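Have a look at the structure below, then the notes.
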Amino acid sequence: MAKVAKSAISPRRDEDYPEWYQQVVKAADLAENSPVRGCMVIKPWGYALWENIRDGLDVMFKATGHVNAYFPLFIPKSYIEKEAEHVEGFAKECAVVTHSRLEADPATGKLVPAGALDEPLIVRPTSETIIGATYSKWVQSYRDLPILVNQWANVVRWEMRTRLFLRTAEFLWQEGHTVHATAEEAQAETRRMLDVYADFAENFMAMPVIRGRKTDSERFPGAIETLCIEAMMQDRKALQAGTSHFLGQNFAKSCDIKFQDEAGQLQYAWTTSWGVSTRLIGGMIMTHSDDDGFVAPPRLAPQHIAILPIYRDPATRGDVLAYCESLKQEISDQTYCGRKILATIDDRDLRGGEKTWGWVKKGVPLRVEVGSRDIAENKVFVGRRDSGEKASVARAEFVATLPQKLQEIQDNLLARAKKFRAENMREINSKEEFYEFFTPKNREKPEIHGGFALCHWNGSAEVEAQIKKDLNVTIRCIPLDDNAFPPEPGTCPFSGEPSARRVIFAKSY
């Protein structure tokens, strides 16, 4: 029997993937459960990841002409009710405020709700209706269009089964809301923002994604069309990492967003919305991490380098720390992808191995050990998180090549994730093969299944529902990239009817 290598995270991915994920979050000190059921505390290392995601996306949004604004957290219930499909889609997830204050109960002395509101307020699950009401005042003429606004905010969706970053009752996100004079402009905006998300996922997160269109049953409530990016996690499940919605005139009509066109005619506007959330952090964890902990892509890493001073006695401590400080300064003079290269010196009173493994679990891209021998030779001892490689390198060479080294790590993470996806995605042409592909290989580990299935589908909601009932497998998207996924006609293996193209089926988060 082969000896299993010892790992820092227990259980390993192949033993219990859901628990492995929770332990990676804990070991990397990213987040923890809060006293409020279903909510999380995002700790500094995790929040720094979100700040880097936010900052990167914000630049991309502004480069496409968008500006930031802020809208109310509370939405009158009557606003939510304006769009029928929208309220039906979100009604079961709404947190509702019904009173304005607390008062002491004379009989018990305990605080009880008082001051019943004339109309209940919904804690923002998404902002289409409240922003639509605002836009109805902003828009009068075609000259007022387009409106290209984004909001960075928190939202609440009352989830009963939660998992840190992936699904919590409250989470952080951005939501873009735009208004256009024509359907064509709004549809172009919907696709443009999907492409921004895909660009960010691949080039910042090193997470390959498939651009696609959702089926009618998976569409955002109230939208005409929902586009998405789908990524494969290491348990071969799909993660919906971002969505962009063409809302048509549905919300314009319910919110009364009208404008006078160039011919003097009154028209309803065309709107879009699009968003990503802290779920992206969960996606990064599950795409790149291993059995030793988190692996941070350099473009989003809170720190690029951890410098670990090594000394055996107080006499050498000063020299080692001075060398580390000057090294840190040299590093900070370098930039990588528009950011200063960030290094931190870890001089905590801990054993060397404990410090090293702490940074391994936090996923810092590079670890640098400095001791008296390194100083004497003007070298540093470098460990890479992505590959585990370790080597002694001349200090000048290390500093000069840092940008290239970080990009090499970034590229390696993306290539590795693409390879994994390619190995776990295949075309399937029969119902029997499809059901076998998604049937757990090990009954004790039901998460172990095939991956992404490229399969023909006749467009029937009944077929879609039956597969979901039988296997808990859904159509993740109808691919938009005709080069990667050519739209070849075929036969739906579930109905025997004609199919225009293959779609992507998978289990999902």
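Ordered as shown in the structure tokens, chains take letters A, B, and onward, while each chain numbers its residues from 1 and ligands are numbered from 1 in the order shown.
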Which of range 258-478 of chain A end up as alpha helix (DSSP H) when DSSP is run on this backbone - answer as a ChimeraX atom specification? /A:279-288,314-332,352-362,372-377,395-400,402-423,431-437,461-471
Can you list every residue of range 369-442 of chain A that has an atom at most 7 Å from range 294-306 of chain A, with its nearest atom pair and the distance in Å to one decimal, using only C-alpha atoms, ordered by chain then number, as a Markdown table?
```
| residue | atom | partner | partner_atom | distance |
| --- | --- | --- | --- | --- |
| A:Arg385 | CA | A:Val295 | CA | 6.8 |
| A:Asp386 | CA | A:Val295 | CA | 6.7 |
| A:Leu406 | CA | A:Pro298 | CA | 6.0 |
| A:Gln410 | CA | A:Pro297 | CA | 5.7 |
```
With all heavy atoms retained, export the selected residues as an mmCIF file, in the first residue's frame.
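For reference, result08.cif as written:
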```cif
data_model
loop_
_atom_site.group_PDB
_atom_site.id
_atom_site.type_symbol
_atom_site.label_atom_id
_atom_site.label_comp_id
_atom_site.auth_asym_id
_atom_site.auth_seq_id
_atom_site.Cartn_x
_atom_site.Cartn_y
_atom_site.Cartn_z
ATOM 1 N N ARG A 385 4.795 28.900 -3.665
ATOM 2 C CA ARG A 385 3.598 28.233 -3.146
ATOM 3 C C ARG A 385 2.924 27.361 -4.189
ATOM 4 O O ARG A 385 2.384 26.308 -3.876
ATOM 5 C CB ARG A 385 2.593 29.292 -2.624
ATOM 6 C CG ARG A 385 1.301 28.697 -2.056
ATOM 7 C CD ARG A 385 1.599 27.853 -0.840
ATOM 8 N NE ARG A 385 0.390 27.207 -0.327
ATOM 9 C CZ ARG A 385 -0.043 26.017 -0.709
ATOM 10 N NH1 ARG A 385 0.624 25.316 -1.623
ATOM 11 N NH2 ARG A 385 -1.120 25.496 -0.174
ATOM 12 N N ASP A 386 2.928 27.773 -5.443
ATOM 13 C CA ASP A 386 2.176 27.037 -6.461
ATOM 14 C C ASP A 386 2.799 25.696 -6.794
ATOM 15 O O ASP A 386 2.095 24.701 -6.996
ATOM 16 C CB ASP A 386 2.028 27.864 -7.735
ATOM 17 C CG ASP A 386 3.373 28.160 -8.396
ATOM 18 O OD1 ASP A 386 4.336 28.455 -7.665
ATOM 19 O OD2 ASP A 386 3.451 28.099 -9.639
ATOM 20 N N LEU A 406 6.349 36.397 -10.458
ATOM 21 C CA LEU A 406 4.941 36.437 -10.046
ATOM 22 C C LEU A 406 4.019 36.138 -11.222
ATOM 23 O O LEU A 406 3.023 35.417 -11.078
ATOM 24 C CB LEU A 406 4.612 37.807 -9.436
ATOM 25 C CG LEU A 406 5.268 38.086 -8.081
ATOM 26 C CD1 LEU A 406 5.061 39.543 -7.673
ATOM 27 C CD2 LEU A 406 4.729 37.146 -6.997
ATOM 28 N N GLN A 410 1.257 33.176 -11.720
ATOM 29 C CA GLN A 410 -0.104 33.469 -12.188
ATOM 30 C C GLN A 410 -0.457 32.614 -13.406
ATOM 31 O O GLN A 410 -1.529 32.001 -13.464
ATOM 32 C CB GLN A 410 -0.195 34.959 -12.542
ATOM 33 C CG GLN A 410 -1.572 35.440 -12.955
ATOM 34 C CD GLN A 410 -2.475 35.768 -11.794
ATOM 35 O OE1 GLN A 410 -2.033 35.982 -10.678
ATOM 36 N NE2 GLN A 410 -3.774 35.788 -12.041
#
```
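Among the candidate residues A:Trp158, A:Tyr70, A:Phe452, A:Trp50, the one lying nearest to Glu93 in chain A is A:Trp158, with distances computed using only C-alpha atoms.
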Distance query range 350-357 of chain A at most 10 Å, only C-alpha atoms, self and fewer than 3 positions along chain excluded, as a short mmCIF file (atom, residue, chain, number, x, y, z; two decimals) with all heavy atoms, in the first residue's frame:
```cif
data_model
loop_
_atom_site.label_atom_id
_atom_site.label_comp_id
_atom_site.auth_asym_id
_atom_site.auth_seq_id
_atom_site.Cartn_x
_atom_site.Cartn_y
_atom_site.Cartn_z
N ALA A 8 -1.01 19.54 5.41
CA ALA A 8 -1.33 20.50 6.48
C ALA A 8 -2.83 20.57 6.76
O ALA A 8 -3.24 20.94 7.85
CB ALA A 8 -0.80 21.88 6.12
N ALA A 27 -7.79 27.63 8.08
CA ALA A 27 -6.32 27.62 8.18
C ALA A 27 -5.70 28.88 7.57
O ALA A 27 -4.67 29.37 8.04
CB ALA A 27 -5.76 26.38 7.51
N ASP A 292 -2.44 21.48 1.42
CA ASP A 292 -1.68 22.25 2.40
C ASP A 292 -2.30 23.62 2.66
O ASP A 292 -1.75 24.40 3.45
CB ASP A 292 -0.22 22.42 1.93
CG ASP A 292 0.57 21.13 2.05
OD1 ASP A 292 0.25 20.33 2.96
OD2 ASP A 292 1.49 20.92 1.24
N GLY A 293 -3.41 23.94 1.99
CA GLY A 293 -4.08 25.20 2.27
C GLY A 293 -4.38 26.02 1.03
O GLY A 293 -4.42 25.52 -0.10
N ALA A 306 6.34 36.72 1.83
CA ALA A 306 6.56 36.69 3.28
C ALA A 306 8.06 36.49 3.51
O ALA A 306 8.64 35.50 3.05
CB ALA A 306 5.76 35.57 3.92
N ILE A 307 8.67 37.44 4.20
CA ILE A 307 10.10 37.35 4.52
C ILE A 307 10.23 36.80 5.93
O ILE A 307 9.68 37.35 6.89
CB ILE A 307 10.78 38.72 4.43
CG1 ILE A 307 10.59 39.32 3.02
CG2 ILE A 307 12.26 38.62 4.78
CD1 ILE A 307 11.09 40.75 2.88
N LEU A 308 10.96 35.69 6.06
CA LEU A 308 11.09 34.99 7.34
C LEU A 308 12.53 35.07 7.83
O LEU A 308 13.41 34.36 7.34
CB LEU A 308 10.68 33.53 7.18
CG LEU A 308 9.34 33.27 6.47
CD1 LEU A 308 9.06 31.78 6.37
CD2 LEU A 308 8.20 33.96 7.19
N PRO A 309 12.81 35.97 8.79
CA PRO A 309 14.17 36.06 9.34
C PRO A 309 14.49 34.85 10.21
O PRO A 309 13.65 34.39 11.00
CB PRO A 309 14.12 37.34 10.17
CG PRO A 309 12.68 37.59 10.46
CD PRO A 309 11.89 36.96 9.37
N ILE A 310 15.70 34.33 10.07
CA ILE A 310 16.13 33.15 10.84
C ILE A 310 17.41 33.50 11.59
O ILE A 310 18.42 33.90 10.98
CB ILE A 310 16.37 31.94 9.91
CG1 ILE A 310 15.08 31.58 9.16
CG2 ILE A 310 16.89 30.75 10.70
CD1 ILE A 310 15.27 30.56 8.07
N TYR A 311 17.37 33.41 12.89
CA TYR A 311 18.56 33.66 13.71
C TYR A 311 18.49 32.76 14.94
O TYR A 311 17.43 32.46 15.46
CB TYR A 311 18.65 35.13 14.11
CG TYR A 311 17.37 35.73 14.62
CD1 TYR A 311 16.99 35.60 15.96
CD2 TYR A 311 16.51 36.41 13.76
CE1 TYR A 311 15.80 36.13 16.42
CE2 TYR A 311 15.31 36.94 14.21
CZ TYR A 311 14.96 36.80 15.54
OH TYR A 311 13.78 37.31 16.00
N ASP A 346 7.97 38.61 8.87
CA ASP A 346 7.35 37.88 9.97
C ASP A 346 8.41 37.59 11.04
O ASP A 346 9.16 36.62 10.96
CB ASP A 346 6.74 36.57 9.46
CG ASP A 346 5.94 35.84 10.54
OD1 ASP A 346 5.99 36.29 11.72
OD2 ASP A 346 5.27 34.85 10.22
N ASP A 347 8.45 38.47 12.05
CA ASP A 347 9.42 38.30 13.14
C ASP A 347 8.73 37.87 14.43
O ASP A 347 9.18 38.18 15.53
CB ASP A 347 10.19 39.61 13.35
CG ASP A 347 11.37 39.41 14.31
OD1 ASP A 347 11.99 38.33 14.26
OD2 ASP A 347 11.66 40.33 15.11
N VAL A 360 2.35 29.06 4.22
CA VAL A 360 1.91 28.09 3.21
C VAL A 360 0.39 28.02 3.21
O VAL A 360 -0.27 28.09 2.17
CB VAL A 360 2.53 26.70 3.48
CG1 VAL A 360 1.83 25.63 2.64
CG2 VAL A 360 4.02 26.71 3.19
N LYS A 361 -0.20 27.89 4.39
CA LYS A 361 -1.66 27.76 4.50
C LYS A 361 -2.40 29.03 4.08
O LYS A 361 -3.52 28.96 3.62
CB LYS A 361 -2.03 27.34 5.92
CG LYS A 361 -1.63 25.91 6.25
CD LYS A 361 -2.10 25.44 7.62
CE LYS A 361 -1.19 25.92 8.71
NZ LYS A 361 -1.49 25.26 10.01
N LYS A 362 -1.75 30.19 4.25
CA LYS A 362 -2.37 31.45 3.83
C LYS A 362 -2.22 31.69 2.34
O LYS A 362 -2.86 32.59 1.78
CB LYS A 362 -1.76 32.62 4.62
CG LYS A 362 -2.17 32.63 6.09
CD LYS A 362 -1.42 33.68 6.88
CE LYS A 362 -2.03 35.05 6.73
NZ LYS A 362 -3.29 35.19 7.47
N GLY A 363 -1.36 30.91 1.69
CA GLY A 363 -1.27 30.96 0.24
C GLY A 363 -0.40 32.04 -0.33
O GLY A 363 -0.50 32.35 -1.53
N ARG A 367 7.74 32.69 -0.41
CA ARG A 367 8.30 32.80 0.94
C ARG A 367 9.81 32.96 0.81
O ARG A 367 10.44 32.26 0.00
CB ARG A 367 8.01 31.54 1.77
CG ARG A 367 6.53 31.23 1.92
CD ARG A 367 6.33 29.97 2.76
NE ARG A 367 7.19 28.86 2.38
CZ ARG A 367 6.97 28.06 1.34
NH1 ARG A 367 5.93 28.26 0.56
NH2 ARG A 367 7.81 27.06 1.08
N VAL A 368 10.38 33.87 1.57
CA VAL A 368 11.81 34.13 1.51
C VAL A 368 12.40 33.96 2.91
O VAL A 368 12.00 34.66 3.84
CB VAL A 368 12.10 35.55 0.99
CG1 VAL A 368 13.60 35.83 1.03
CG2 VAL A 368 11.57 35.71 -0.42
N GLU A 369 13.33 33.02 3.05
CA GLU A 369 14.01 32.83 4.33
C GLU A 369 15.38 33.50 4.27
O GLU A 369 16.10 33.40 3.27
CB GLU A 369 14.17 31.33 4.62
CG GLU A 369 12.83 30.61 4.79
CD GLU A 369 13.00 29.13 5.04
OE1 GLU A 369 14.16 28.67 5.17
OE2 GLU A 369 11.98 28.42 5.11
N GLY A 383 10.85 29.97 -1.56
CA GLY A 383 9.91 28.88 -1.75
C GLY A 383 8.69 29.37 -2.52
O GLY A 383 8.12 30.41 -2.18
#
```
With only C-alpha atoms as the basis for distance, which of A:Asn250, A:Ser273, A:Thr287, A:Asn154 is at the shortest distance from Gln234 in chain A? A:Thr287
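The closest residue to Leu366 in chain A, picked from A:Ile75, A:Cys255, A:Leu321, A:Ala343 and counting only C-alpha atoms, is A:Ala343.
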